[in-house]
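Here the structure is laid out as structure tokens; the discussion comes afterwards.
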Amino acid sequence: ACLMFTDLIEEDGQAIQANQFLIVDGDTGAVIDPGGDLERIEEAIRTRNLNVRQILLTHGHIDHAAGAPELARRLGGIPILGPQEEERFWLQALPEQARTFGFGKVEAFLPDQWLEEGDTVQVGEHTLEVLHVPGHTPGHVVYFAPDERLAFVGDVLFAGSIGRTDFPRGDHRQLISGILTKLLPLGDDVRFVPGHGPMSTFGAERRSNPFCGD
């Protein structure tokens with residue numbers, strides 16, 4: 001099961017919504033992209049009596065990664081995995097991101113393990129395959145659960161749109177290439193949950209997303 005929490009984050013005086021996820025398999029779980037609102041995640045973990053063993057990050061932007069070190073401590077020092085190592089500068093720049101976007105105090109950190117293309121992460125009986133899909137950020141990764149036909153794509157792809165590439169080390173062509181060569185070939189039936197906005201399928205985006213057409 002995948003539980004999605006939408007966190008309202010203040011940026012430049014405006015509320016933006018970022019999705020964070022709790023993957024559940026029996027009594028085992030993992031959290032993806034805890035940007036904030038840790039109390040809601042902790043409550044869901046407590047009510048289901050889950051053993052959460054790891055935190056997974058798709059990329060290092062503040063609205064997806066800021067809560068990771070604190071949540072890891074609250075859950076007993078569990079490891080943080082991902083993104084890919086090219087994301088190091090974004091994670092080290094989290095305090096600067098906080099000042100730029102008007103957040104409160106946010107700490108810089110590095111994960112316990114960087115992830116690479118072809119790595120796998122185990123959550124209970126489910127195996128998540130790691131895809132390195134840069135362009136929005138250089139170390140962005142996507143987690144794909146083939147048995148569930150479900151992908152966690154962060155800010156690579158949205159319903160009807162794609163991730164911004166005007167950040168430092170963003171690359172529009174690289175992003176489009178990753179979507180067309182790594183994500184869409186996984187299959188039209190694959191559902192994906194993005195870092196912002198609603199779920200969609202790769203098939204729906206291939207047919208109607210202006211950035212993903214045949």
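Naming scheme: A, B, ... for chains in displayed order of the structure tokens; residues 1 onward per chain; ligands 1 onward as shown.
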Near-Arg88 in chain A list (9 Å; only C-alpha atoms; drop same-chain fewer than 2 positions) as an NGL selection string | :A and (60 or 83-86 or 90-93 or 109-111 or 139)
Got a sec: who's within 12 Å of Arg173 in chain A, counting only C-alpha atoms, leaving out chain neighbours fewer than 4 positions off, as a list of chain:residue names?
->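 Residues near the query, excluding close chain neighbours: A:Val133, A:Pro134, A:Gly135, A:His136, A:Ile162, A:Gly163, A:Arg164, A:Thr165, A:Asp166, A:Arg169, A:Ser177, A:Gly178, A:Ile179, A:Leu180, A:Thr181, A:Phe211.
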Same residues, all heavy atoms, saved as a CSV table (one decimal), in the first residue's frame:
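As a result, result-v4.csv now contains:
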chain,number,residue,atom,x,y,z
A,133,VAL,N,17.3,9.8,-13.1
A,133,VAL,CA,16.7,10.6,-14.1
A,133,VAL,C,17.0,12.1,-13.8
A,133,VAL,O,16.2,12.8,-13.3
A,133,VAL,CB,15.2,10.3,-14.2
A,133,VAL,CG1,14.5,11.0,-15.4
A,133,VAL,CG2,14.9,8.8,-14.2
A,134,PRO,N,18.1,12.6,-14.2
A,134,PRO,CA,18.5,14.0,-14.0
A,134,PRO,C,17.8,14.9,-15.0
A,134,PRO,O,17.2,14.5,-15.9
A,134,PRO,CB,20.0,14.0,-14.2
A,134,PRO,CG,20.2,12.9,-15.2
A,134,PRO,CD,19.2,11.8,-14.9
A,135,GLY,N,17.9,16.2,-14.7
A,135,GLY,CA,17.3,17.2,-15.5
A,135,GLY,C,16.7,18.3,-14.7
A,135,GLY,O,17.0,19.5,-14.8
A,136,HIS,N,15.8,17.9,-13.8
A,136,HIS,CA,15.2,18.8,-12.8
A,136,HIS,C,16.3,19.1,-11.8
A,136,HIS,O,16.5,20.3,-11.5
A,136,HIS,CB,14.0,18.1,-12.1
A,136,HIS,CG,13.4,18.9,-11.0
A,136,HIS,ND1,12.8,20.1,-11.2
A,136,HIS,CD2,13.3,18.7,-9.7
A,136,HIS,CE1,12.3,20.7,-10.1
A,136,HIS,NE2,12.7,19.8,-9.1
A,162,ILE,N,6.0,18.7,-16.7
A,162,ILE,CA,7.2,18.1,-16.2
A,162,ILE,C,7.9,19.1,-15.2
A,162,ILE,O,7.4,20.2,-15.0
A,162,ILE,CB,8.2,17.9,-17.4
A,162,ILE,CG1,8.5,19.3,-18.1
A,162,ILE,CG2,7.6,16.9,-18.4
A,162,ILE,CD1,9.5,19.2,-19.2
A,163,GLY,N,9.0,18.6,-14.7
A,163,GLY,CA,9.7,19.4,-13.7
A,163,GLY,C,10.4,20.6,-14.2
A,163,GLY,O,10.8,20.6,-15.4
A,164,ARG,N,10.5,21.6,-13.4
A,164,ARG,CA,11.3,22.8,-13.8
A,164,ARG,C,12.7,22.5,-14.1
A,164,ARG,O,13.3,21.6,-13.4
A,164,ARG,CB,11.2,23.9,-12.7
A,164,ARG,CG,9.9,24.5,-12.6
A,164,ARG,CD,9.8,25.4,-11.4
A,164,ARG,NE,10.9,26.5,-11.4
A,164,ARG,CZ,11.0,27.4,-10.5
A,164,ARG,NH1,10.2,27.4,-9.4
A,164,ARG,NH2,11.9,28.3,-10.6
A,165,THR,N,13.4,23.2,-15.0
A,165,THR,CA,14.8,23.0,-15.3
A,165,THR,C,15.6,24.3,-15.2
A,165,THR,O,16.7,24.3,-15.7
A,165,THR,CB,15.0,22.3,-16.7
A,165,THR,OG1,14.3,23.1,-17.7
A,165,THR,CG2,14.4,20.9,-16.7
A,166,ASP,N,15.0,25.3,-14.6
A,166,ASP,CA,15.7,26.6,-14.5
A,166,ASP,C,16.4,26.7,-13.2
A,166,ASP,O,16.9,27.8,-12.8
A,166,ASP,CB,14.7,27.7,-14.6
A,166,ASP,CG,13.5,27.7,-13.6
A,166,ASP,OD1,13.3,26.6,-13.1
A,166,ASP,OD2,12.9,28.7,-13.4
A,169,ARG,N,22.1,23.7,-12.5
A,169,ARG,CA,22.4,22.4,-13.0
A,169,ARG,C,21.1,21.7,-13.5
A,169,ARG,O,21.1,20.5,-13.7
A,169,ARG,CB,23.2,21.5,-12.1
A,169,ARG,CG,24.6,22.1,-11.7
A,169,ARG,CD,25.4,21.1,-10.9
A,169,ARG,NE,25.6,19.9,-11.7
A,169,ARG,CZ,26.1,18.8,-11.1
A,169,ARG,NH1,26.5,18.8,-9.8
A,169,ARG,NH2,26.3,17.7,-11.8
A,177,SER,N,14.8,13.5,-22.2
A,177,SER,CA,15.4,12.3,-22.6
A,177,SER,C,15.2,11.2,-21.6
A,177,SER,O,14.8,10.1,-21.9
A,177,SER,CB,16.9,12.5,-22.8
A,177,SER,OG,17.6,11.2,-23.1
A,178,GLY,N,15.3,11.5,-20.3
A,178,GLY,CA,15.1,10.6,-19.2
A,178,GLY,C,13.7,10.1,-19.2
A,178,GLY,O,13.4,8.9,-19.0
A,179,ILE,N,12.7,11.0,-19.4
A,179,ILE,CA,11.3,10.6,-19.4
A,179,ILE,C,11.0,9.7,-20.6
A,179,ILE,O,10.4,8.6,-20.4
A,179,ILE,CB,10.4,11.9,-19.5
A,179,ILE,CG1,10.5,12.7,-18.2
A,179,ILE,CG2,9.0,11.5,-19.7
A,179,ILE,CD1,9.9,14.1,-18.3
A,180,LEU,N,11.5,10.0,-21.7
A,180,LEU,CA,11.2,9.3,-23.0
A,180,LEU,C,11.9,7.9,-23.0
A,180,LEU,O,11.4,6.9,-23.6
A,180,LEU,CB,11.5,10.1,-24.2
A,180,LEU,CG,10.7,11.4,-24.4
A,180,LEU,CD1,11.2,12.1,-25.7
A,180,LEU,CD2,9.2,11.1,-24.4
A,181,THR,N,13.1,7.8,-22.5
A,181,THR,CA,13.9,6.6,-22.6
A,181,THR,C,13.9,5.7,-21.4
A,181,THR,O,14.2,4.5,-21.5
A,181,THR,CB,15.4,6.9,-22.9
A,181,THR,OG1,16.0,7.6,-21.8
A,181,THR,CG2,15.5,7.8,-24.2
A,211,PHE,N,4.8,17.4,-23.4
A,211,PHE,CA,6.2,17.2,-23.3
A,211,PHE,C,6.6,15.7,-23.6
A,211,PHE,O,7.8,15.4,-23.7
A,211,PHE,CB,6.8,17.6,-22.0
A,211,PHE,CG,6.6,19.0,-21.6
A,211,PHE,CD1,5.5,19.4,-20.9
A,211,PHE,CD2,7.5,20.0,-22.1
A,211,PHE,CE1,5.4,20.8,-20.6
A,211,PHE,CE2,7.3,21.3,-21.8
A,211,PHE,CZ,6.3,21.7,-21.1
At most 10 Å is the cut-off: for each residue in range 122-166 of chain A with any atom that close to an atom of range 61-64 of chain A, write down the nearest atom pair and the distance in Å rounded to one decimal, counting only C-alpha atoms, chain first then increasing number, as CSV.
residue,atom,partner,partner_atom,distance
A:Thr137,CA,A:His61,CA,8.5
A:His140,CA,A:His61,CA,9.9
A:Gly154,CA,A:His64,CA,8.3
A:Asp155,CA,A:His64,CA,9.4
Write down as a PyMOL selection string the residues of range 44-165 of chain A whose backbone DSSP state falls under helix (DSSP H, G or I).
-> chain A and resi 44-47+62-65+68-74+85-92+94-101
Which residues, written as JSON, numbers by chain, have at least one atom at most 9 Å from Leu75 in chain A, with only C-alpha atoms counted and residues fewer than 5 positions away on the same chain left out?
-> {"A": [42, 52, 53, 70]}
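Non-sequential neighbours of range 22-34 of chain A (distance at most 7 Å, separation of 3 or more positions within a chain, only C-alpha atoms) are Ala1, Cys2, Leu3, Met4, Asn49, Leu50, Asn51, Val52, Arg53, Gln54, Ile55, Leu56, Leu57, Thr58, His64, Ala65, Ala66, Gly67, Ala68, Val123, Gly124 and Glu125 of chain A.
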If you run DSSP on this backbone, which residues of range 16-92 of chain A come out as strand (DSSP E or B), and could you give them as a list in words?
-> Ile16, Gln17, Ala18, Asn19, Gln20, Phe21, Leu22, Ile23, Val24, Asp25, Thr28, Gly29, Ala30, Val31, Ile32, Asn51, Val52, Arg53, Gln54, Ile55, Leu56, Ile80 and Leu81 of chain A
Serialized selection, C-alpha atoms, as a PDB file, in the first residue's frame:
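Okay, out16.pdb is ready:
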ATOM      1  CA  ILE A  16       2.768  25.205  -2.031  1.00  0.00           C
ATOM      2  CA  GLN A  17       1.779  21.575  -1.848  1.00  0.00           C
ATOM      3  CA  ALA A  18       4.341  18.786  -1.835  1.00  0.00           C
ATOM      4  CA  ASN A  19       3.543  15.083  -1.701  1.00  0.00           C
ATOM      5  CA  GLN A  20       5.302  12.692   0.652  1.00  0.00           C
ATOM      6  CA  PHE A  21       4.691   8.979   0.869  1.00  0.00           C
ATOM      7  CA  LEU A  22       4.541   6.085   3.303  1.00  0.00           C
ATOM      8  CA  ILE A  23       4.962   2.685   1.657  1.00  0.00           C
ATOM      9  CA  VAL A  24       3.409  -0.121   3.692  1.00  0.00           C
ATOM     10  CA  ASP A  25       3.916  -3.861   3.328  1.00  0.00           C
ATOM     11  CA  THR A  28       7.125  -2.902   7.412  1.00  0.00           C
ATOM     12  CA  GLY A  29       7.334   0.547   5.859  1.00  0.00           C
ATOM     13  CA  ALA A  30       9.476   3.216   4.234  1.00  0.00           C
ATOM     14  CA  VAL A  31       8.996   6.963   3.882  1.00  0.00           C
ATOM     15  CA  ILE A  32       9.681   8.788   0.618  1.00  0.00           C
ATOM     16  CA  ASN A  51       8.476  -0.855  11.528  1.00  0.00           C
ATOM     17  CA  VAL A  52       9.806   1.859   9.235  1.00  0.00           C
ATOM     18  CA  ARG A  53      13.317   0.874   8.238  1.00  0.00           C
ATOM     19  CA  GLN A  54      14.438   3.628   5.870  1.00  0.00           C
ATOM     20  CA  ILE A  55      13.790   7.023   4.355  1.00  0.00           C
ATOM     21  CA  LEU A  56      14.138   7.355   0.594  1.00  0.00           C
ATOM     22  CA  ILE A  80      18.436   7.799   4.668  1.00  0.00           C
ATOM     23  CA  LEU A  81      18.938   6.414   1.159  1.00  0.00           C
TER      24      LEU A  81
END
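We find CA of Gly187 in chain A and CA of Pro210 in chain A to be spaced 18.1 Å apart.
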Looking at A:Leu157, A:Glu117, A:Leu150, A:Cys212, which one is nearest to Leu186 in chain A, with distances taken over only C-alpha atoms?
->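 With only C-alpha atoms as the atom set, the closest residue is A:Leu150.
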Determine the nearest neighbour of Asp147 in chain A from the options A:Leu183, A:Ala159, A:Leu128, A:Ile45, counting only C-alpha atoms.
->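 Result for the nearest residue to Asp147 in chain A: A:Leu128.
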Could you jot down the CA of Gly82 in chain A to CA of Ala145 in chain A separation for me, Å, one decimal place?
-> 15.9 Å
